[in-house]
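Peer 1: File start_22.cif follows (mmCIF, C-alpha atoms):
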data_protein
loop_
_atom_site.label_atom_id
_atom_site.label_comp_id
_atom_site.auth_asym_id
_atom_site.auth_seq_id
_atom_site.Cartn_x
_atom_site.Cartn_y
_atom_site.Cartn_z
CA MET A 1 -24.16 -22.99 61.39
CA ASN A 2 -24.01 -26.09 59.29
CA LEU A 3 -21.03 -27.22 57.19
CA ARG A 4 -22.45 -25.79 53.96
CA THR A 5 -22.87 -22.33 55.47
CA ALA A 6 -19.35 -22.49 56.88
CA PHE A 7 -17.91 -23.25 53.42
CA LEU A 8 -19.89 -20.38 51.96
CA ILE A 9 -18.61 -17.93 54.55
CA GLY A 10 -15.08 -19.29 54.13
CA GLY A 11 -15.32 -18.74 50.40
CA LEU A 12 -16.51 -15.17 50.85
CA ILE A 13 -13.64 -14.41 53.24
CA SER A 14 -11.18 -15.90 50.75
CA ALA A 15 -12.59 -13.76 47.95
CA ALA A 16 -12.41 -10.64 50.09
CA THR A 17 -8.79 -11.38 50.95
CA GLN A 18 -7.92 -11.62 47.21
CA VAL A 19 -9.42 -8.22 46.66
CA VAL A 20 -7.33 -6.84 49.51
CA PHE A 21 -4.19 -8.46 48.09
CA ALA A 22 -5.03 -7.10 44.69
CA GLN A 23 -5.45 -3.66 46.09
CA SER A 24 -2.25 -3.94 48.07
CA GLY A 25 -0.23 -3.28 44.94
CA SER A 26 -1.82 -0.81 42.58
CA LEU A 27 -0.41 1.40 39.87
CA THR A 28 -1.13 4.80 38.44
CA LEU A 29 -0.28 5.32 34.80
CA PRO A 30 -0.12 8.23 32.42
CA LYS A 31 -2.87 7.93 29.79
CA THR A 32 -0.47 8.66 26.96
CA VAL A 33 3.28 8.95 26.61
CA GLU A 34 5.08 10.59 23.72
CA ALA A 35 7.45 8.14 22.05
CA GLY A 36 10.90 8.34 23.58
CA SER A 37 9.89 10.68 26.41
CA ALA A 38 10.55 10.07 30.06
CA PHE A 39 7.57 8.97 32.13
CA SER A 40 6.80 7.45 35.46
CA ILE A 41 4.41 4.96 36.97
CA SER A 42 3.53 5.25 40.62
CA THR A 43 2.73 2.23 42.71
CA SER A 44 1.13 1.83 46.09
CA GLY A 45 1.27 -0.90 48.65
CA ASN A 46 4.04 -2.76 50.44
CA GLY A 47 6.54 -5.36 49.41
CA LYS A 48 8.25 -6.26 46.20
CA SER A 49 6.64 -6.71 42.85
CA THR A 50 7.45 -6.95 39.17
CA LEU A 51 6.24 -4.41 36.65
CA TYR A 52 5.75 -5.54 33.06
CA ILE A 53 5.04 -3.18 30.19
CA VAL A 54 3.95 -5.20 27.24
CA GLY A 55 2.95 -4.40 23.67
CA PRO A 56 3.58 -5.97 20.28
CA SER A 57 6.22 -3.33 19.59
CA GLN A 58 8.17 -3.35 22.85
CA VAL A 59 8.44 -5.17 26.17
CA LEU A 60 9.91 -3.95 29.48
CA LYS A 61 10.27 -5.60 32.89
CA ARG A 62 11.31 -3.96 36.15
CA ASP A 63 11.58 -5.16 39.75
CA VAL A 64 9.80 -2.59 41.89
CA GLN A 65 9.34 -1.76 45.53
CA LEU A 66 5.64 -1.11 46.03
CA GLY A 67 4.88 2.39 47.18
CA GLU A 68 7.62 3.89 45.04
CA THR A 69 7.39 5.65 41.73
CA VAL A 70 9.11 3.87 38.86
CA THR A 71 10.72 6.31 36.44
CA PHE A 72 11.59 5.55 32.86
CA PRO A 73 14.18 7.89 31.33
CA ASN A 74 14.06 9.35 27.83
CA GLY A 75 14.39 6.76 25.12
CA THR A 76 13.11 3.83 27.16
CA LEU A 77 9.74 3.35 25.51
CA TYR A 78 9.81 4.62 21.96
CA ASN A 79 7.55 2.54 19.76
CA SER A 80 4.00 3.81 19.24
CA GLY A 81 1.41 1.40 20.47
CA HIS A 82 -1.06 0.29 23.06
CA TYR A 83 0.71 -1.10 26.11
CA LEU A 84 -0.43 -3.20 28.99
CA ALA A 85 1.19 -2.43 32.36
CA ILE A 86 1.07 -5.33 34.80
CA LEU A 87 2.12 -5.13 38.40
CA SER A 88 2.61 -8.68 39.55
CA GLY A 89 3.34 -9.60 43.14
CA PRO A 90 3.61 -12.97 44.82
CA SER A 91 -0.11 -13.15 45.43
CA SER A 92 -1.77 -10.64 43.14
CA ALA A 93 -1.59 -8.84 39.84
CA GLU A 94 -2.93 -5.46 38.76
CA ASN A 95 -3.01 -4.26 35.23
CA ASP A 96 -3.96 -1.24 33.23
CA SER A 97 -3.16 0.09 29.81
CA PHE A 98 -1.81 3.23 28.20
CA ASP A 99 -0.75 4.48 24.77
CA VAL A 100 2.56 5.60 23.38
CA VAL A 101 2.03 8.13 20.61
CA SER A 102 4.45 9.22 17.93
CA ALA A 103 6.65 12.21 18.64
CA GLY A 104 5.46 15.22 16.66
CA LYS A 105 8.65 16.13 14.85
CA PRO A 106 9.22 14.50 11.46
CA ALA A 107 12.56 12.74 11.24
CA ASN A 108 12.11 10.18 8.47
CA LEU A 109 10.36 10.17 5.16
CA ASN A 110 9.35 7.16 3.06
CA PHE A 111 8.83 8.13 -0.54
CA PHE A 112 7.37 5.80 -3.16
CA ALA A 113 7.56 7.05 -6.74
CA LYS A 114 6.62 5.42 -9.99
CA PRO A 115 7.52 4.76 -12.71
CA SER A 116 11.30 4.85 -12.78
CA ARG A 117 11.19 5.35 -16.55
CA LEU A 118 8.49 6.75 -18.80
CA GLN A 119 7.84 8.53 -22.06
CA VAL A 120 8.06 12.28 -22.35
CA GLY A 121 4.92 14.39 -22.31
CA LEU A 122 2.59 12.15 -20.32
CA ARG A 123 0.01 14.03 -18.31
CA GLY A 124 -0.14 12.77 -14.71
CA GLY A 125 2.35 10.07 -15.66
CA ILE A 126 4.54 10.40 -12.57
CA THR A 127 3.05 9.61 -9.17
CA GLY A 128 4.44 9.63 -5.68
CA ALA A 129 3.30 8.94 -2.13
CA ALA A 130 5.09 9.94 1.05
CA TYR A 131 4.76 8.69 4.63
CA VAL A 132 6.17 10.76 7.46
CA PHE A 133 7.81 9.21 10.53
CA ASP A 134 9.31 10.45 13.76
CA ALA A 135 12.83 9.72 14.97
CA TYR A 136 11.74 6.30 16.25
CA ARG A 137 10.15 5.37 12.92
CA ASN A 138 6.61 5.78 14.19
CA LEU A 139 4.16 7.01 11.58
CA ILE A 140 3.10 10.58 12.34
CA THR A 141 -0.65 10.67 11.83
CA ALA A 142 -1.12 14.36 12.62
CA PRO A 143 -1.54 16.43 9.41
CA THR A 144 1.89 17.39 8.07
CA ALA A 145 2.73 19.47 5.00
CA VAL A 146 4.72 17.67 2.30
CA SER A 147 6.05 19.42 -0.79
CA PHE A 148 6.82 17.56 -3.98
CA GLU A 149 9.12 18.90 -6.69
CA LEU A 150 9.91 17.46 -10.10
CA SER A 151 12.90 18.99 -11.91
CA GLY A 152 13.10 18.15 -15.60
CA PRO A 153 16.25 17.89 -17.73
CA SER A 154 15.66 21.33 -19.22
CA GLY A 155 15.49 22.92 -15.76
CA THR A 156 11.70 23.20 -15.62
CA VAL A 157 10.29 22.58 -12.16
CA GLN A 158 6.82 21.40 -11.17
CA ARG A 159 5.80 21.90 -7.55
CA ARG A 160 2.88 20.52 -5.56
CA THR A 161 2.06 20.69 -1.88
CA ALA A 162 -0.04 18.17 -0.01
CA THR A 163 -0.98 17.60 3.60
CA THR A 164 -0.76 14.13 5.04
CA LYS A 165 -3.93 12.37 6.00
CA GLU A 166 -3.38 9.47 8.40
CA GLY A 167 0.33 9.84 7.74
CA ALA A 168 0.21 9.70 3.92
CA ALA A 169 0.36 12.35 1.20
CA TRP A 170 0.42 11.84 -2.55
CA THR A 171 0.85 13.72 -5.80
CA GLN A 172 0.79 13.37 -9.57
CA MET A 173 3.13 15.16 -12.00
CA ASP A 174 3.46 15.39 -15.78
CA SER A 175 6.52 14.10 -17.56
CA THR A 176 8.20 16.98 -19.37
CA PRO A 177 8.73 17.24 -23.17
CA GLN A 178 12.48 16.70 -23.07
CA GLN A 179 14.13 13.33 -22.68
CA GLY A 180 16.66 12.88 -19.88
CA THR A 181 16.68 12.48 -16.13
CA ASP A 182 14.16 14.00 -13.72
CA LYS A 183 14.74 14.52 -10.01
CA PHE A 184 11.57 13.86 -8.02
CA VAL A 185 11.90 15.19 -4.48
CA ALA A 186 9.57 14.93 -1.49
CA ARG A 187 10.27 17.38 1.29
CA VAL A 188 9.00 17.74 4.87
CA GLU A 189 10.60 20.60 6.78
CA ASP A 190 14.34 19.96 6.30
CA LEU A 191 13.93 16.30 5.33
CA THR A 192 14.15 15.31 1.69
CA SER A 193 13.92 12.09 -0.22
CA THR A 194 14.85 11.97 -3.91
CA ARG A 195 13.94 9.58 -6.67
CA ILE A 196 15.43 9.63 -10.16
CA ILE A 197 13.08 9.16 -13.07
CA GLY A 198 14.23 8.54 -16.62
CA GLN A 199 12.25 10.20 -19.39
CA VAL A 200 12.57 8.50 -22.73
CA PRO A 201 11.36 9.72 -26.13
CA GLY A 202 7.81 8.89 -27.08
CA ASP A 203 6.57 7.11 -30.19
CA PRO A 204 7.61 8.46 -33.58
CA CYS A 205 5.58 11.51 -34.50
CA ALA A 206 6.11 11.41 -38.27
CA LEU A 207 8.04 9.27 -40.72
CA LYS A 208 9.53 10.37 -43.99
CA MET A 209 11.51 8.10 -46.29
CA SER A 210 13.33 8.58 -49.54
CA ALA A 211 14.18 6.05 -52.25
CA SER A 212 17.16 5.75 -54.57
CA PRO A 213 18.30 3.10 -57.05
CA SER A 214 20.93 0.64 -55.91
CA GLY A 215 21.69 -1.73 -58.81
CA LYS A 216 18.64 -3.96 -59.32
CA ARG A 217 17.24 -2.91 -55.99
CA VAL A 218 15.82 0.18 -54.43
CA LYS A 219 17.45 1.65 -51.36
CA LEU A 220 14.97 3.07 -48.82
CA SER A 221 16.02 5.25 -45.93
CA THR A 222 14.11 7.33 -43.41
CA GLU A 223 14.99 10.75 -42.18
CA PRO A 224 16.04 10.83 -38.49
CA VAL A 225 12.98 9.64 -36.59
CA ARG A 226 11.77 11.90 -33.78
CA ASP A 227 8.89 11.98 -31.32
CA CYS A 228 6.37 14.82 -31.23
CA SER A 229 8.58 16.79 -28.82
CA GLY A 230 11.59 16.56 -31.15
CA ASN A 231 13.49 13.92 -29.19
CA ALA A 232 15.29 11.28 -31.22
CA VAL A 233 13.42 7.98 -31.05
CA PRO A 234 15.78 5.36 -29.58
CA ASP A 235 17.75 2.98 -31.77
CA GLY A 236 16.14 -0.43 -31.96
CA THR A 237 12.66 0.95 -32.54
CA ILE A 238 11.17 -1.09 -35.38
CA VAL A 239 10.29 0.57 -38.68
CA THR A 240 8.32 -1.47 -41.20
CA PHE A 241 8.77 -1.04 -44.97
CA THR A 242 6.12 -2.59 -47.23
CA GLU A 243 6.33 -2.98 -51.00
CA ALA A 244 3.20 -3.86 -52.99
CA TYR A 245 3.53 -4.91 -56.61
CA SER A 246 1.22 -6.88 -59.00
CA GLY A 247 -1.02 -8.01 -56.14
CA GLU A 248 1.91 -9.26 -54.06
CA GLN A 249 3.30 -7.69 -50.96
CA SER A 250 6.64 -7.97 -49.19
CA THR A 251 7.39 -6.53 -45.77
CA VAL A 252 10.70 -5.87 -44.00
CA ASP A 253 11.05 -4.84 -40.33
CA VAL A 254 14.18 -2.81 -39.66
CA PRO A 255 15.40 -1.45 -36.31
CA LEU A 256 16.48 2.16 -36.14
CA LYS A 257 20.24 2.53 -36.22
CA ARG A 258 21.77 5.91 -35.40
CA GLY A 259 18.29 7.39 -35.63
CA VAL A 260 17.44 6.17 -39.14
CA ALA A 261 16.13 2.98 -40.74
CA GLU A 262 17.57 1.73 -44.03
CA VAL A 263 16.79 -1.24 -46.22
CA GLU A 264 17.10 -2.46 -49.81
CA MET A 265 14.11 -4.03 -51.52
CA PRO A 266 13.54 -5.42 -55.05
CA ALA A 267 13.11 -2.61 -57.57
CA HIS A 268 9.83 -3.16 -59.42
CA ASN A 269 8.66 -0.36 -61.64
CA GLY A 270 5.24 0.80 -60.44
CA ALA A 271 5.64 -0.73 -56.98
CA MET A 272 3.94 1.12 -54.10
CA ILE A 273 6.25 1.43 -51.07
CA THR A 274 5.04 2.51 -47.63
CA VAL A 275 6.73 2.99 -44.25
CA ALA A 276 5.28 2.75 -40.74
CA SER A 277 6.35 2.48 -37.10
CA GLY A 278 3.86 1.48 -34.44
CA VAL A 279 0.67 3.37 -35.21
CA VAL A 280 2.43 6.05 -37.25
CA LEU A 281 2.20 5.81 -41.01
CA GLY A 282 4.83 7.62 -43.11
CA ASN A 283 4.87 8.75 -46.72
CA GLN A 284 4.24 6.55 -49.77
CA ILE A 285 6.49 6.28 -52.82
CA ARG A 286 5.56 4.87 -56.22
CA TRP A 287 8.82 3.50 -57.61
CA THR A 288 9.43 4.48 -61.22
CA GLY A 289 13.08 3.53 -61.41
CA LYS A 290 14.46 6.92 -60.47
CA MET B 1 -29.56 -22.13 40.04
CA LEU B 2 -30.50 -20.62 36.69
CA LYS B 3 -29.22 -17.24 37.89
CA SER B 4 -25.90 -18.81 38.98
CA LEU B 5 -25.49 -20.47 35.60
CA LEU B 6 -26.18 -17.19 33.86
CA ILE B 7 -23.54 -15.42 35.96
CA LEU B 8 -21.06 -18.22 35.22
CA PHE B 9 -21.84 -17.94 31.50
CA VAL B 10 -21.31 -14.20 31.52
CA ALA B 11 -18.08 -14.60 33.46
CA VAL B 12 -16.76 -17.22 31.03
CA ALA B 13 -17.87 -15.23 28.01
CA SER B 14 -15.99 -12.13 29.14
CA THR B 15 -12.83 -13.98 30.14
CA PRO B 16 -10.20 -14.15 27.40
CA VAL B 17 -9.81 -17.70 26.16
CA PHE B 18 -7.01 -18.69 23.84
CA GLY B 19 -7.95 -21.10 21.13
CA ALA B 20 -8.32 -21.55 17.44
CA ASP B 21 -11.47 -19.45 17.15
CA LEU B 22 -11.54 -17.26 14.10
CA ALA B 23 -11.86 -13.55 14.60
CA THR B 24 -14.95 -11.83 13.29
CA VAL B 25 -14.18 -9.40 10.52
CA ARG B 26 -16.16 -6.42 9.35
CA VAL B 27 -14.97 -4.36 6.42
CA GLU B 28 -16.27 -0.88 5.91
CA THR B 29 -16.31 0.63 2.46
CA THR B 30 -14.98 4.15 2.42
CA ASN B 31 -14.03 6.84 0.00
CA LEU B 32 -10.40 6.21 -0.67
CA GLN B 33 -7.81 8.95 -0.70
CA GLY B 34 -6.04 9.09 -4.02
CA PRO B 35 -6.89 8.61 -7.68
CA ARG B 36 -6.25 4.89 -7.97
CA VAL B 37 -9.21 2.57 -8.10
CA LEU B 38 -9.05 -0.31 -5.67
CA GLU B 39 -10.17 -3.48 -7.38
CA GLU B 40 -12.16 -5.95 -5.32
CA GLN B 41 -9.54 -8.64 -5.89
CA THR B 42 -6.81 -6.38 -4.51
CA SER B 43 -8.91 -5.40 -1.53
CA LYS B 44 -9.65 -9.05 -0.69
CA ALA B 45 -5.98 -9.97 -1.01
CA VAL B 46 -4.91 -7.12 1.27
CA ILE B 47 -7.44 -8.05 3.95
CA ARG B 48 -6.59 -11.75 3.72
CA ASP B 49 -2.87 -11.02 4.09
CA TYR B 50 -3.46 -8.57 6.95
CA LEU B 51 -5.50 -11.11 8.91
CA GLN B 52 -2.80 -13.68 8.23
CA ALA B 53 -0.29 -11.19 9.64
CA TRP B 54 -2.16 -11.30 12.97
CA GLN B 55 -1.77 -15.09 13.02
CA THR B 56 1.92 -14.73 12.24
CA LEU B 57 2.32 -12.13 15.00
CA GLY B 58 0.54 -14.39 17.51
CA THR B 59 2.69 -17.41 16.76
CA ALA B 60 5.96 -15.48 16.56
CA LEU B 61 5.45 -13.66 19.88
CA GLN B 62 4.22 -16.79 21.63
CA GLN B 63 7.10 -18.96 20.44
CA ASN B 64 9.64 -16.11 20.39
CA ARG B 65 10.54 -16.90 16.81
CA THR B 66 11.77 -14.02 14.70
CA ASP B 67 12.11 -16.30 11.67
CA LEU B 68 8.34 -16.43 11.27
CA LEU B 69 7.89 -12.70 10.85
CA GLY B 70 9.21 -12.35 7.31
CA SER B 71 6.21 -14.04 5.73
CA SER B 72 3.88 -11.22 6.78
CA PHE B 73 5.99 -8.27 7.92
CA VAL B 74 8.62 -6.12 6.28
CA GLY B 75 10.55 -2.93 7.03
CA ASN B 76 9.62 -0.97 10.16
CA ALA B 77 7.00 -3.42 11.34
CA LYS B 78 9.28 -6.41 11.01
CA ASP B 79 12.17 -4.61 12.72
CA LYS B 80 10.01 -3.61 15.68
CA LEU B 81 8.48 -7.03 16.16
CA THR B 82 11.92 -8.62 15.88
CA GLU B 83 13.11 -6.27 18.61
CA THR B 84 10.14 -7.20 20.80
CA ILE B 85 10.90 -10.90 20.45
CA GLN B 86 14.54 -10.30 21.29
CA GLN B 87 13.47 -8.33 24.38
CA GLN B 88 11.07 -11.11 25.38
CA VAL B 89 13.82 -13.71 25.05
CA SER B 90 16.25 -11.69 27.16
CA LEU B 91 13.59 -11.13 29.87
CA GLY B 92 12.26 -14.70 29.87
CA LEU B 93 8.87 -13.58 28.64
CA SER B 94 6.43 -14.69 26.02
CA THR B 95 3.12 -13.21 25.00
CA ARG B 96 0.04 -14.69 23.42
CA TYR B 97 -2.06 -12.54 21.14
CA GLN B 98 -5.38 -13.78 19.82
CA ASP B 99 -7.41 -11.44 17.66
CA ARG B 100 -11.14 -11.59 18.33
CA SER B 101 -12.65 -9.02 16.02
CA HIS B 102 -11.58 -6.59 13.34
CA ASP B 103 -13.43 -3.55 12.11
CA LEU B 104 -11.49 -2.63 8.99
CA LYS B 105 -11.37 0.33 6.67
CA ILE B 106 -9.06 0.79 3.70
CA VAL B 107 -8.30 4.49 3.71
CA PHE B 108 -5.53 5.06 1.18
CA TYR B 109 -4.30 3.36 -1.96
CA SER B 110 -1.25 5.21 -3.21
CA PRO B 111 -1.47 6.29 -6.86
CA GLU B 112 1.56 4.28 -7.90
CA GLY B 113 0.03 1.15 -6.33
CA LEU B 114 2.94 0.53 -3.99
CA SER B 115 1.17 0.95 -0.67
CA ILE B 116 -2.22 0.56 0.96
CA GLU B 117 -3.20 1.99 4.32
CA LEU B 118 -5.81 0.38 6.57
CA GLN B 119 -7.40 1.30 9.84
CA ASP B 120 -8.52 -1.45 12.14
CA THR B 121 -10.41 -1.27 15.40
CA VAL B 122 -9.35 -4.60 16.73
CA GLU B 123 -10.25 -6.54 19.84
CA TYR B 124 -7.70 -9.06 20.97
CA ASP B 125 -6.75 -11.09 23.99
CA VAL B 126 -3.26 -10.80 25.31
CA GLN B 127 -1.66 -13.09 27.84
CA VAL B 128 1.72 -12.37 29.38
CA LEU B 129 3.88 -15.24 30.60
CA ASP B 130 7.07 -14.93 32.60
CA HIS B 131 9.07 -18.15 32.41
CA ASP B 132 5.83 -19.88 31.36
CA LYS B 133 3.91 -18.56 34.36
CA VAL B 134 0.86 -16.55 33.41
CA GLN B 135 1.10 -13.02 34.79
CA ALA B 136 -2.00 -11.51 33.25
CA THR B 137 -4.64 -12.09 30.64
CA LYS B 138 -6.63 -9.23 29.26
CA ARG B 139 -8.98 -8.34 26.44
CA VAL B 140 -7.85 -5.19 24.70
CA SER B 141 -9.47 -2.90 22.18
CA ALA B 142 -7.15 -0.76 20.08
CA HIS B 143 -7.22 1.29 16.91
CA TYR B 144 -4.48 0.18 14.55
CA ILE B 145 -3.07 1.99 11.58
CA VAL B 146 -1.43 -0.31 9.08
CA VAL B 147 0.51 0.26 5.87
CA MET B 148 0.96 -2.69 3.57
CA THR B 149 3.19 -2.99 0.52
CA PRO B 150 3.16 -5.63 -2.19
CA ALA B 151 5.80 -8.34 -2.21
CA GLU B 152 6.32 -11.20 -4.67
CA VAL B 153 3.09 -13.05 -3.99
CA ARG B 154 1.39 -11.22 -1.15
CA TRP B 155 0.96 -7.94 0.68
CA ARG B 156 3.17 -7.46 3.71
CA VAL B 157 2.70 -5.20 6.71
CA ARG B 158 5.23 -2.35 6.70
CA VAL B 159 3.75 -0.11 9.39
CA PHE B 160 1.83 -1.60 12.31
CA GLN B 161 1.01 0.73 15.15
CA THR B 162 -1.88 1.94 17.23
CA GLU B 163 -3.16 5.45 17.36
CA LEU B 164 -5.54 7.14 19.73
CA GLU B 165 -9.11 7.11 18.52
#
Mind turning this structure into structure tokens?

Peer 2:
Amino acid sequence: MNLRTAFLIGGLISAATQVVFAQSGSLTLPKTVEAGSAFSISTSGNGKSTLYIVGPSQVLKRDVQLGETVTFPNGTLYNSGHYLAILSGPSSAENDSFDVVSAGKPANLNFFAKPSRLQVGLRGGITGAAYVFDAYRNLITAPTAVSFELSGPSGTVQRRTATTKEGAAWTQMDSTPQQGTDKFVARVEDLTSTRIIGQVPGDPCALKMSASPSGKRVKLSTEPVRDCSGNAVPDGTIVTFTEAYSGEQSTVDVPLKRGVAEVEMPAHNGAMITVASGVVLGNQIRWTGK
Amino acid sequence: MLKSLLILFVAVASTPVFGADLATVRVETTNLQGPRVLEEQTSKAVIRDYLQAWQTLGTALQQNRTDLLGSSFVGNAKDKLTETIQQQVSLGLSTRYQDRSHDLKIVFYSPEGLSIELQDTVEYDVQVLDHDKVQATKRVSAHYIVVMTPAEVRWRVRVFQTELE
């Protein structure tokens, strides 16, 4: 046997010894563990070793006596994820992986709703999405029933039911005709999450003004301005009065105050006066001095 | 000789190596749940920010720095990663994560536009160090489920967990 052959045989023996060392401490893992549940990992071999359980969501380290079963009580490993278990001794390391899956029972609900304020009477104007979590805030990806309920200011209730897909469920609701506050509730079993949504009046539905003399001017005032559902349009909404006379035109923008808009404009006999707000055009008056 | 070189090449190729290599990314187009249309610009931004989140995760867990997490993570995901780093510090551990490939699908865009859910079959290398001594290095394949929500200038990861395929 020459020197080269001796090195080759030596190398093979060394490699075989590493395999033996590696096998001297081995571990047996569960394939999956429910989040927060007790579990155990059995080891084989002799001597002392260190067991690491490593994932992006949690890390554990235990000193172990090889040949014993390491038990982890309830609540030790609770974050869903893929974990690497490493059994590391002085001369070898074994590793394997397992998964922690979310506990089945819903315990938390994330509810996104939008908008927080909208006009009355909008079809599909209110939307919401819910994500369901277990007690350890792991997303539950198994299909779960979620009910959504929108209670309007007049007591009307809209209900929808959806089943989560990959942990998420969504819905769309209509804003109701009456202004006020809506309660938008998502419910899973006995869990609820509530969002408050403000419903404000829509655009003016119709405008009607009247004119009366006021010295050398004409006083113009609207009737209380309401949306198409009968809600008072909020103060501050701009109403535009336009007076056309002898080819000239003057315009005044007036905010609603206590539900009406009022203004005084020059009184020209034969002037044509119009009123508008947004896209809504009101009545016309030809001023004849009365 | 050629055979030996080939074996060496295969061995090196299958051994996790930590470096600055960029992960390969494949994005699958799917039928989204929900009525909201996902614009291409939004989809690109979400994927860009998600991949950046993997870089943030890698650096934060390697250097045990919780202060880095806020740029990419929020809510549940940030809390859990913060906890992991605190556990690592108390145990004298650090971990290196290097993503190698992503197979991404956007599966849900919530109708109010406040959340997007992705699925990612990701391959990554993980190395575990105890007081700077390498304990194990392994290539892992896992199926992630991710929920991202918009912040001031980017999308942040709110839920980051694996699920069984």

Peer 1: Evaluate the PyMOL selection byres ((chain B and resi 47) around 12) against this structure - the residues, as a PyMOL selection string, please.

Peer 2: chain B and resi 25-28+40-46+48-54+102-106+116-120+146-148+154-157

Peer 1: Take the residues from that selection and write them out as a PDB file, in the coordinates of the input, keeping C-alpha atoms.

Peer 2:
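The resulting part-v7.pdb:
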ATOM      1  CA  VAL B  25     -14.180  -9.400  10.520  1.00  0.00           C
ATOM      2  CA  ARG B  26     -16.160  -6.420   9.350  1.00  0.00           C
ATOM      3  CA  VAL B  27     -14.970  -4.360   6.420  1.00  0.00           C
ATOM      4  CA  GLU B  28     -16.270  -0.880   5.910  1.00  0.00           C
ATOM      5  CA  GLU B  40     -12.160  -5.950  -5.320  1.00  0.00           C
ATOM      6  CA  GLN B  41      -9.540  -8.640  -5.890  1.00  0.00           C
ATOM      7  CA  THR B  42      -6.810  -6.380  -4.510  1.00  0.00           C
ATOM      8  CA  SER B  43      -8.910  -5.400  -1.530  1.00  0.00           C
ATOM      9  CA  LYS B  44      -9.650  -9.050  -0.690  1.00  0.00           C
ATOM     10  CA  ALA B  45      -5.980  -9.970  -1.010  1.00  0.00           C
ATOM     11  CA  VAL B  46      -4.910  -7.120   1.270  1.00  0.00           C
ATOM     12  CA  ARG B  48      -6.590 -11.750   3.720  1.00  0.00           C
ATOM     13  CA  ASP B  49      -2.870 -11.020   4.090  1.00  0.00           C
ATOM     14  CA  TYR B  50      -3.460  -8.570   6.950  1.00  0.00           C
ATOM     15  CA  LEU B  51      -5.500 -11.110   8.910  1.00  0.00           C
ATOM     16  CA  GLN B  52      -2.800 -13.680   8.230  1.00  0.00           C
ATOM     17  CA  ALA B  53      -0.290 -11.190   9.640  1.00  0.00           C
ATOM     18  CA  TRP B  54      -2.160 -11.300  12.970  1.00  0.00           C
ATOM     19  CA  HIS B 102     -11.580  -6.590  13.340  1.00  0.00           C
ATOM     20  CA  ASP B 103     -13.430  -3.550  12.110  1.00  0.00           C
ATOM     21  CA  LEU B 104     -11.490  -2.630   8.990  1.00  0.00           C
ATOM     22  CA  LYS B 105     -11.370   0.330   6.670  1.00  0.00           C
ATOM     23  CA  ILE B 106      -9.060   0.790   3.700  1.00  0.00           C
ATOM     24  CA  ILE B 116      -2.220   0.560   0.960  1.00  0.00           C
ATOM     25  CA  GLU B 117      -3.200   1.990   4.320  1.00  0.00           C
ATOM     26  CA  LEU B 118      -5.810   0.380   6.570  1.00  0.00           C
ATOM     27  CA  GLN B 119      -7.400   1.300   9.840  1.00  0.00           C
ATOM     28  CA  ASP B 120      -8.520  -1.450  12.140  1.00  0.00           C
ATOM     29  CA  VAL B 146      -1.430  -0.310   9.080  1.00  0.00           C
ATOM     30  CA  VAL B 147       0.510   0.260   5.870  1.00  0.00           C
ATOM     31  CA  MET B 148       0.960  -2.690   3.570  1.00  0.00           C
ATOM     32  CA  ARG B 154       1.390 -11.220  -1.150  1.00  0.00           C
ATOM     33  CA  TRP B 155       0.960  -7.940   0.680  1.00  0.00           C
ATOM     34  CA  ARG B 156       3.170  -7.460   3.710  1.00  0.00           C
ATOM     35  CA  VAL B 157       2.700  -5.200   6.710  1.00  0.00           C
TER      36      VAL B 157
END

Peer 1: Counting all atoms listed in the file, a student should be able to say which residues of chain B come within 7 Å of chain A; what is the right answer, written as a ChimeraX atom specification?

Peer 2: /B:76,80-81,84,87-88,110-112,114,135,142,161-163

Peer 1: In file coordinates, which residues lie within 10 Å of (11.6, 6.9, -57.7) using only C-alpha atoms, given as number ranges by chain?

Peer 2: A: 210-213, 218, 267, 269-271, 285-290

Peer 1: From the set B:Gly92, B:Arg100, B:Val74, B:Leu38, which residue has the shortest atom-to-atom contact distance to Gln55 of chain B, counting only C-alpha atoms?

Peer 2: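 Result for the nearest residue to Gln55 of chain B: B:Arg100.
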
Peer 1: Determine, counting all atoms listed in the file, every residue of protein, DNA or RNA that lies within 10 Å of (7.1, -7.1, -49.6) in the file coordinates, then give the result as a list of chain:residue names.

Peer 2: A:Phe241, A:Thr242, A:Glu243, A:Ala244, A:Tyr245, A:Glu248, A:Gln249, A:Ser250, A:Thr251, A:Val252, A:Met265, A:Pro266, A:Ala271, A:Met272, A:Ile273

Peer 1: What does the distance from atom CA of Val120 of chain A to atom CA of Pro224 of chain A come to in Å, to one decimal?

Peer 2: 18.1 Å

Peer 1: Can you spell out as a list in words the set of residues that the PyMOL selection byres ((chain B and resi 62) around 10) selects in the structure I just provided?

Peer 2: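 Listing what the PyMOL selection byres ((chain B and resi 62) around 10) selects in the shown file: Thr56, Leu57, Gly58, Thr59, Ala60, Leu61, Gln63, Asn64, Arg65, Ile85, Gln88, Leu93, Ser94, Thr95, Arg96, Tyr97, Gln127, Val128 and Leu129 of chain B.
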
Peer 1: Can you tell me how far atom CA of Gln33 of chain B sits from atom CA of Ile145 of chain B, in Å to one decimal?

Peer 2: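 For atom CA of Gln33 of chain B relative to atom CA of Ile145 of chain B, the distance reads 14.9 Å.
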
Peer 1: Find the distance between atom CA of Ser175 of chain A and atom CA of Gly34 of chain B and write it in Å to one decimal.

Peer 2: 19.1 Å

Peer 1: Here's the selection I'm unsure about, the PyMOL selection byres ((chain A and resi 45-48) around 9); applied to the file above, which residues does it give, as a PyMOL selection string?

Peer 2: chain A and resi 23-26+43-44+49-50+63-68+89-90
